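Participant: This structure is in structure tokens; I'll ask about it shortly.
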Amino acid sequence: MDKTVATAEEAVADIADGASLAVGGFGLSGVPEVIIRALHAQGATGLSVVSNNCGVDGRGLGILLAAGRISRVTSSFVGDNKEFARQYLAGELEVELVPQGTLAERLRAGGCGIPAFFTPAGVGTQVAEGGLPWRHTPDGAVAIASPPKEVREFDGTDYVLERGIPTDFGLVRAARGDRHGNLVLHRSARNFNPLAAMAGRITVAEVEELVELGELDPDEIHVPGVFVQRVVPLTPAQAQDKPIEQRTVCAPPARGKVGT
């Protein structure tokens, strides 16, 4: 089955207002930038996003956020996105903060059809006991707080019940992919992308290099094609557009000091 779609615009055309999205990426590594821009142009709003973070100002999910298209975020990190923090504190955005490992497992569970699981992460904190502010009022008070979760003891240790997260769509980026949707990811881009691909009922993957069937070594495939419904081949310019979230540059060595 050839799952390739000519353009990102065509691939996101049926994402409706209020849809839930699992989006791959960590910081700006492995973020499906082209799909996100196409979704911004498409105009869907009231989106519920599940992602490790919400991009940065002007890149990644930060584009949708700045346009007021996102109503709720389930995330582990507010980070360097000042608009994300502003909307959250101003009561314009509902945010469920989740421990990073728990978020990863909730997405994996959702993709595997597992409704819930128990984990020790968060026991004895507001993660389990409730009271985390999900939404503020404009004056900074808590409008919606997280509810308490079930805690159960197993072999003398307490565990909190966490729900799996399936979503309407998964949006991911891969280094290589074939027409059946098998994906290969490179290094740090192999972060939340496999999990987001699993969680989405319909997953759209943008690939930097589209290869023919049989070119991918089965042992190197990180996301099997069963989890991917649409493949968007990127142009060389799109594939090379990889911003660095925080660039650190060291001073050049002093003259005559090279190698010492």
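By order of appearance in the structure tokens: chains A, B, ..., then residues from 1 within every chain, and ligands from 1 in the order shown.
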Give me every alpha helix (DSSP H) residue in range 7-153 of chain A, going by DSSP on the backbone, as a count of residues only.
Facilitator: 44
Participant: Compile the contact shell of range 72-76 of chain A as number ranges by chain: residues with an atom at most 10 Å away, counting only C-alpha atoms, same-chain residues fewer than 6 positions apart removed.
Facilitator: A: 18, 20-22, 46-54, 65, 84, 88, 92-104, 134-135, 165
Participant: Could you save the residues just selected, with N, CA, C and O atoms, as a CSV table (one decimal), in the first residue's frame?
Facilitator:
```csv
chain,number,residue,atom,x,y,z
A,18,GLY,N,-10.9,21.1,17.3
A,18,GLY,CA,-11.1,20.3,18.5
A,18,GLY,C,-10.4,19.0,18.4
A,18,GLY,O,-10.5,18.2,19.4
A,20,SER,N,-7.5,16.0,18.7
A,20,SER,CA,-6.4,15.8,19.6
A,20,SER,C,-5.2,15.3,18.8
A,20,SER,O,-5.3,14.5,17.9
A,21,LEU,N,-4.0,15.8,19.1
A,21,LEU,CA,-2.8,15.5,18.4
A,21,LEU,C,-1.6,15.1,19.3
A,21,LEU,O,-1.4,15.7,20.3
A,22,ALA,N,-1.0,14.0,18.9
A,22,ALA,CA,0.3,13.6,19.6
A,22,ALA,C,1.4,14.0,18.6
A,22,ALA,O,1.4,13.6,17.5
A,46,GLY,N,-8.8,25.2,18.4
A,46,GLY,CA,-9.3,24.4,19.6
A,46,GLY,C,-8.6,23.1,19.7
A,46,GLY,O,-9.2,22.1,20.2
A,47,LEU,N,-7.3,23.0,19.3
A,47,LEU,CA,-6.6,21.7,19.3
A,47,LEU,C,-6.1,21.3,20.7
A,47,LEU,O,-5.7,22.2,21.5
A,48,SER,N,-6.2,20.0,20.9
A,48,SER,CA,-5.6,19.5,22.2
A,48,SER,C,-4.4,18.7,21.8
A,48,SER,O,-4.4,17.7,21.1
A,49,VAL,N,-3.2,19.2,22.3
A,49,VAL,CA,-1.9,18.7,21.9
A,49,VAL,C,-1.2,18.0,23.0
A,49,VAL,O,-1.2,18.4,24.2
A,50,VAL,N,-0.7,16.8,22.7
A,50,VAL,CA,0.1,16.0,23.6
A,50,VAL,C,1.5,16.0,23.0
A,50,VAL,O,1.8,15.4,21.9
A,51,SER,N,2.5,16.6,23.7
A,51,SER,CA,3.9,16.6,23.3
A,51,SER,C,4.8,16.9,24.4
A,51,SER,O,4.4,17.5,25.4
A,52,ASN,N,6.1,16.5,24.3
A,52,ASN,CA,7.0,16.7,25.4
A,52,ASN,C,7.0,18.2,25.8
A,52,ASN,O,7.1,18.6,27.0
A,53,ASN,N,7.1,19.1,24.8
A,53,ASN,CA,7.1,20.5,25.0
A,53,ASN,C,6.3,21.2,23.9
A,53,ASN,O,5.8,20.5,23.0
A,54,CYS,N,6.2,22.5,23.9
A,54,CYS,CA,5.3,23.1,22.9
A,54,CYS,C,6.2,24.0,22.0
A,54,CYS,O,5.8,25.1,21.7
A,65,LEU,N,0.6,27.8,18.7
A,65,LEU,CA,0.3,28.4,20.0
A,65,LEU,C,0.1,29.9,19.9
A,65,LEU,O,-0.8,30.5,20.4
A,84,PHE,N,4.0,30.3,25.6
A,84,PHE,CA,3.4,29.2,26.3
A,84,PHE,C,3.2,29.6,27.8
A,84,PHE,O,2.1,29.4,28.3
A,88,TYR,N,-0.5,30.3,29.7
A,88,TYR,CA,-0.8,29.4,30.8
A,88,TYR,C,-1.1,30.3,32.1
A,88,TYR,O,-2.2,30.1,32.7
A,92,GLU,N,-5.3,31.5,29.5
A,92,GLU,CA,-5.8,31.4,28.2
A,92,GLU,C,-5.6,29.9,27.7
A,92,GLU,O,-6.1,29.6,26.6
A,93,LEU,N,-4.9,29.1,28.4
A,93,LEU,CA,-4.5,27.8,28.0
A,93,LEU,C,-4.5,26.8,29.1
A,93,LEU,O,-4.1,27.1,30.2
A,94,GLU,N,-5.1,25.7,28.9
A,94,GLU,CA,-5.1,24.6,29.9
A,94,GLU,C,-3.9,23.7,29.7
A,94,GLU,O,-3.6,23.3,28.6
A,95,VAL,N,-3.2,23.5,30.8
A,95,VAL,CA,-1.9,22.7,30.7
A,95,VAL,C,-1.9,21.6,31.8
A,95,VAL,O,-2.1,21.9,32.9
A,96,GLU,N,-1.7,20.4,31.3
A,96,GLU,CA,-1.6,19.3,32.2
A,96,GLU,C,-0.1,18.9,32.2
A,96,GLU,O,0.4,18.3,31.2
A,97,LEU,N,0.6,19.2,33.2
A,97,LEU,CA,2.1,18.8,33.3
A,97,LEU,C,2.2,17.4,33.8
A,97,LEU,O,1.6,17.1,34.9
A,98,VAL,N,3.0,16.6,33.1
A,98,VAL,CA,3.1,15.2,33.4
A,98,VAL,C,4.6,14.8,33.5
A,98,VAL,O,5.4,15.3,32.7
A,99,PRO,N,5.0,14.0,34.5
A,99,PRO,CA,6.4,13.6,34.5
A,99,PRO,C,6.8,13.0,33.2
A,99,PRO,O,6.0,12.3,32.5
A,100,GLN,N,8.0,13.3,32.7
A,100,GLN,CA,8.4,13.0,31.4
A,100,GLN,C,8.3,11.5,31.0
A,100,GLN,O,7.7,11.1,30.0
A,101,GLY,N,8.8,10.6,31.9
A,101,GLY,CA,8.7,9.2,31.7
A,101,GLY,C,7.3,8.7,31.7
A,101,GLY,O,6.9,7.8,30.9
A,102,THR,N,6.4,9.3,32.5
A,102,THR,CA,5.0,8.9,32.6
A,102,THR,C,4.3,9.3,31.3
A,102,THR,O,3.5,8.6,30.8
A,103,LEU,N,4.7,10.5,30.8
A,103,LEU,CA,4.1,11.0,29.5
A,103,LEU,C,4.4,10.0,28.4
A,103,LEU,O,3.6,9.6,27.6
A,104,ALA,N,5.7,9.6,28.3
A,104,ALA,CA,6.1,8.7,27.3
A,104,ALA,C,5.3,7.3,27.4
A,104,ALA,O,4.9,6.8,26.4
A,134,TRP,N,-4.4,23.3,36.3
A,134,TRP,CA,-4.5,23.0,34.9
A,134,TRP,C,-4.8,24.3,34.2
A,134,TRP,O,-4.4,24.5,33.1
A,135,ARG,N,-5.6,25.1,34.8
A,135,ARG,CA,-6.0,26.4,34.2
A,135,ARG,C,-6.1,27.5,35.2
A,135,ARG,O,-6.6,27.2,36.3
A,165,ILE,N,-2.9,7.4,26.6
A,165,ILE,CA,-3.3,8.6,25.8
A,165,ILE,C,-3.4,8.2,24.3
A,165,ILE,O,-2.4,8.1,23.7
```
Participant: With 12 Å as the cut-off and only C-alpha atoms counted, what is the closest atom pair between each nearby residue of range 11-101 of chain A and range 224-237 of chain A? Distances in Å to one decimal, ordered by chain and number, as a tab-separated table.
Facilitator:
```
residue	atom	partner	partner_atom	distance
A:Ala11	CA	A:Arg230	CA	6.8
A:Val12	CA	A:Arg230	CA	9.5
A:Ala13	CA	A:Arg230	CA	11.9
A:Pro32	CA	A:Val232	CA	10.4
A:Glu33	CA	A:Leu234	CA	10.6
A:Val34	CA	A:Leu234	CA	8.1
A:Ile35	CA	A:Val232	CA	8.5
A:Ala38	CA	A:Val232	CA	11.4
```
Participant: What is the distance between CA of Gly177 in chain A and CA of Leu213 in chain A, in Å to one decimal?
Facilitator: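 Distance reported for this atom pair: 9.2 Å.
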Participant: Out of A:Phe169, A:His180, A:Val160, A:Phe192, which residue has the shortest atom-to-atom distance to Glu212 in chain A when counting only C-alpha atoms?
Facilitator: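 Ranking A:Phe169, A:His180, A:Val160, A:Phe192 by distance to Glu212 in chain A, first place goes to A:His180.
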Participant: Excluding Leu28 in chain A and residues on its chain fewer than 6 positions from it, collect all residues at most 12 Å away from it, counting only C-alpha atoms, and give them as a list in words.
Facilitator: Ser51, Asn52, Asn53, Cys54, Gly55, Val56, Asp57, Gly58, Arg59, Gly60, Leu61, Gly62, Gly79, Asp80, Asn81, Arg173, Ser188, Ala189, Asn191, Phe192, Asp241, Lys242, Pro243, Ile244, Glu245, Gln246 and Arg247 of chain A
Participant: If you keep N, CA, C and O atoms, can you produce a file of those selected residues as an mmCIF file, in the first residue's frame?
Facilitator:
```
data_model
loop_
_atom_site.group_PDB
_atom_site.id
_atom_site.type_symbol
_atom_site.label_atom_id
_atom_site.label_comp_id
_atom_site.auth_asym_id
_atom_site.auth_seq_id
_atom_site.Cartn_x
_atom_site.Cartn_y
_atom_site.Cartn_z
ATOM 1 N N SER A 51 2.500 16.557 23.748
ATOM 2 C CA SER A 51 3.878 16.628 23.256
ATOM 3 C C SER A 51 4.802 16.889 24.432
ATOM 4 O O SER A 51 4.380 17.479 25.439
ATOM 5 N N ASN A 52 6.056 16.479 24.330
ATOM 6 C CA ASN A 52 6.988 16.730 25.439
ATOM 7 C C ASN A 52 7.043 18.191 25.812
ATOM 8 O O ASN A 52 7.062 18.559 26.973
ATOM 9 N N ASN A 53 7.089 19.076 24.818
ATOM 10 C CA ASN A 53 7.076 20.519 25.044
ATOM 11 C C ASN A 53 6.302 21.151 23.901
ATOM 12 O O ASN A 53 5.821 20.452 23.010
ATOM 13 N N CYS A 54 6.176 22.456 23.922
ATOM 14 C CA CYS A 54 5.338 23.121 22.919
ATOM 15 C C CYS A 54 6.167 24.004 22.001
ATOM 16 O O CYS A 54 5.789 25.131 21.673
ATOM 17 N N GLY A 55 7.326 23.481 21.575
ATOM 18 C CA GLY A 55 8.181 24.240 20.679
ATOM 19 C C GLY A 55 8.793 25.444 21.357
ATOM 20 O O GLY A 55 8.909 25.505 22.587
ATOM 21 N N VAL A 56 9.204 26.399 20.571
ATOM 22 C CA VAL A 56 9.714 27.671 21.082
ATOM 23 C C VAL A 56 8.974 28.781 20.345
ATOM 24 O O VAL A 56 8.221 28.525 19.412
ATOM 25 N N ASP A 57 9.187 29.991 20.758
ATOM 26 C CA ASP A 57 8.521 31.114 20.104
ATOM 27 C C ASP A 57 8.902 31.149 18.623
ATOM 28 O O ASP A 57 10.068 31.298 18.268
ATOM 29 N N GLY A 58 7.915 30.978 17.757
ATOM 30 C CA GLY A 58 8.142 31.085 16.325
ATOM 31 C C GLY A 58 8.552 29.813 15.626
ATOM 32 O O GLY A 58 8.680 29.801 14.396
ATOM 33 N N ARG A 59 8.739 28.704 16.358
ATOM 34 C CA ARG A 59 9.103 27.433 15.718
ATOM 35 C C ARG A 59 8.312 26.294 16.344
ATOM 36 O O ARG A 59 7.913 26.344 17.495
ATOM 37 N N GLY A 60 8.149 25.236 15.572
ATOM 38 C CA GLY A 60 7.442 24.066 16.064
ATOM 39 C C GLY A 60 6.016 24.405 16.466
ATOM 40 O O GLY A 60 5.339 25.213 15.823
ATOM 41 N N LEU A 61 5.556 23.777 17.525
ATOM 42 C CA LEU A 61 4.199 24.021 18.004
ATOM 43 C C LEU A 61 3.994 25.450 18.473
ATOM 44 O O LEU A 61 2.850 25.902 18.615
ATOM 45 N N GLY A 62 5.092 26.177 18.698
ATOM 46 C CA GLY A 62 4.975 27.588 19.065
ATOM 47 C C GLY A 62 4.236 28.399 18.014
ATOM 48 O O GLY A 62 3.619 29.425 18.327
ATOM 49 N N GLY A 79 9.517 25.171 29.424
ATOM 50 C CA GLY A 79 10.777 25.505 28.776
ATOM 51 C C GLY A 79 10.947 26.942 28.367
ATOM 52 O O GLY A 79 10.550 27.861 29.071
ATOM 53 N N ASP A 80 11.529 27.129 27.172
ATOM 54 C CA ASP A 80 11.922 28.450 26.701
ATOM 55 C C ASP A 80 10.836 29.160 25.901
ATOM 56 O O ASP A 80 11.100 30.202 25.305
ATOM 57 N N ASN A 81 9.633 28.591 25.847
ATOM 58 C CA ASN A 81 8.556 29.207 25.088
ATOM 59 C C ASN A 81 7.838 30.219 25.969
ATOM 60 O O ASN A 81 6.988 29.873 26.792
ATOM 61 N N ARG A 173 8.205 13.209 12.564
ATOM 62 C CA ARG A 173 9.235 13.451 11.536
ATOM 63 C C ARG A 173 10.262 12.333 11.601
ATOM 64 O O ARG A 173 10.648 11.881 12.689
ATOM 65 N N SER A 188 19.034 11.928 18.344
ATOM 66 C CA SER A 188 18.118 12.534 19.315
ATOM 67 C C SER A 188 16.721 12.764 18.767
ATOM 68 O O SER A 188 15.789 13.023 19.531
ATOM 69 N N ALA A 189 16.550 12.678 17.443
ATOM 70 C CA ALA A 189 15.200 12.774 16.883
ATOM 71 C C ALA A 189 14.386 11.528 17.212
ATOM 72 O O ALA A 189 13.170 11.514 17.052
ATOM 73 N N ASN A 191 13.112 10.438 19.774
ATOM 74 C CA ASN A 191 12.678 10.783 21.129
ATOM 75 C C ASN A 191 11.221 10.392 21.308
ATOM 76 O O ASN A 191 10.900 9.245 21.553
ATOM 77 N N PHE A 192 10.319 11.353 21.179
ATOM 78 C CA PHE A 192 8.895 11.068 21.323
ATOM 79 C C PHE A 192 8.229 10.687 19.996
ATOM 80 O O PHE A 192 7.038 10.412 19.967
ATOM 81 N N ASP A 241 16.211 22.199 6.917
ATOM 82 C CA ASP A 241 15.813 23.245 7.852
ATOM 83 C C ASP A 241 15.710 22.649 9.252
ATOM 84 O O ASP A 241 14.668 22.146 9.664
ATOM 85 N N LYS A 242 16.818 22.702 9.998
ATOM 86 C CA LYS A 242 16.880 22.113 11.336
ATOM 87 C C LYS A 242 17.458 23.132 12.305
ATOM 88 O O LYS A 242 18.684 23.209 12.493
ATOM 89 N N PRO A 243 16.607 23.935 12.914
ATOM 90 C CA PRO A 243 17.107 24.964 13.824
ATOM 91 C C PRO A 243 17.677 24.357 15.109
ATOM 92 O O PRO A 243 17.305 23.245 15.509
ATOM 93 N N ILE A 244 18.584 25.062 15.711
ATOM 94 C CA ILE A 244 19.166 24.659 16.990
ATOM 95 C C ILE A 244 18.512 25.494 18.081
ATOM 96 O O ILE A 244 18.507 26.724 18.023
ATOM 97 N N GLU A 245 17.951 24.816 19.065
ATOM 98 C CA GLU A 245 17.204 25.515 20.105
ATOM 99 C C GLU A 245 18.113 26.428 20.936
ATOM 100 O O GLU A 245 17.810 27.590 21.161
ATOM 101 N N GLN A 246 19.237 25.898 21.399
ATOM 102 C CA GLN A 246 20.182 26.689 22.176
ATOM 103 C C GLN A 246 21.585 26.399 21.662
ATOM 104 O O GLN A 246 22.159 25.359 21.964
ATOM 105 N N ARG A 247 22.079 27.318 20.880
ATOM 106 C CA ARG A 247 23.400 27.125 20.275
ATOM 107 C C ARG A 247 24.474 27.591 21.246
ATOM 108 O O ARG A 247 24.434 28.700 21.772
#
```
Participant: Nearest to Glu9 in chain A: which of A:Val204, A:Gln87, A:Gly27, A:Arg255 is it, counting only C-alpha atoms?
Facilitator: A:Val204
Participant: Name the closest residue to Ala90 in chain A among the candidates A:Ala143, A:Ile221, A:Ala174, A:Leu132; distances are taken between atoms, counting only C-alpha atoms.
Facilitator: A:Ala143
Participant: Of the residues A:Asp168, A:Asp178, A:Leu185, A:Ala239, which is the one nearest to Glu215 in chain A, using only C-alpha atoms?
Facilitator: A:Asp178
Participant: For Glu105 in chain A, which residue among A:Leu195, A:Val211, A:Gly122, A:Gly200 is the nearest when counting only C-alpha atoms?
Facilitator: A:Leu195
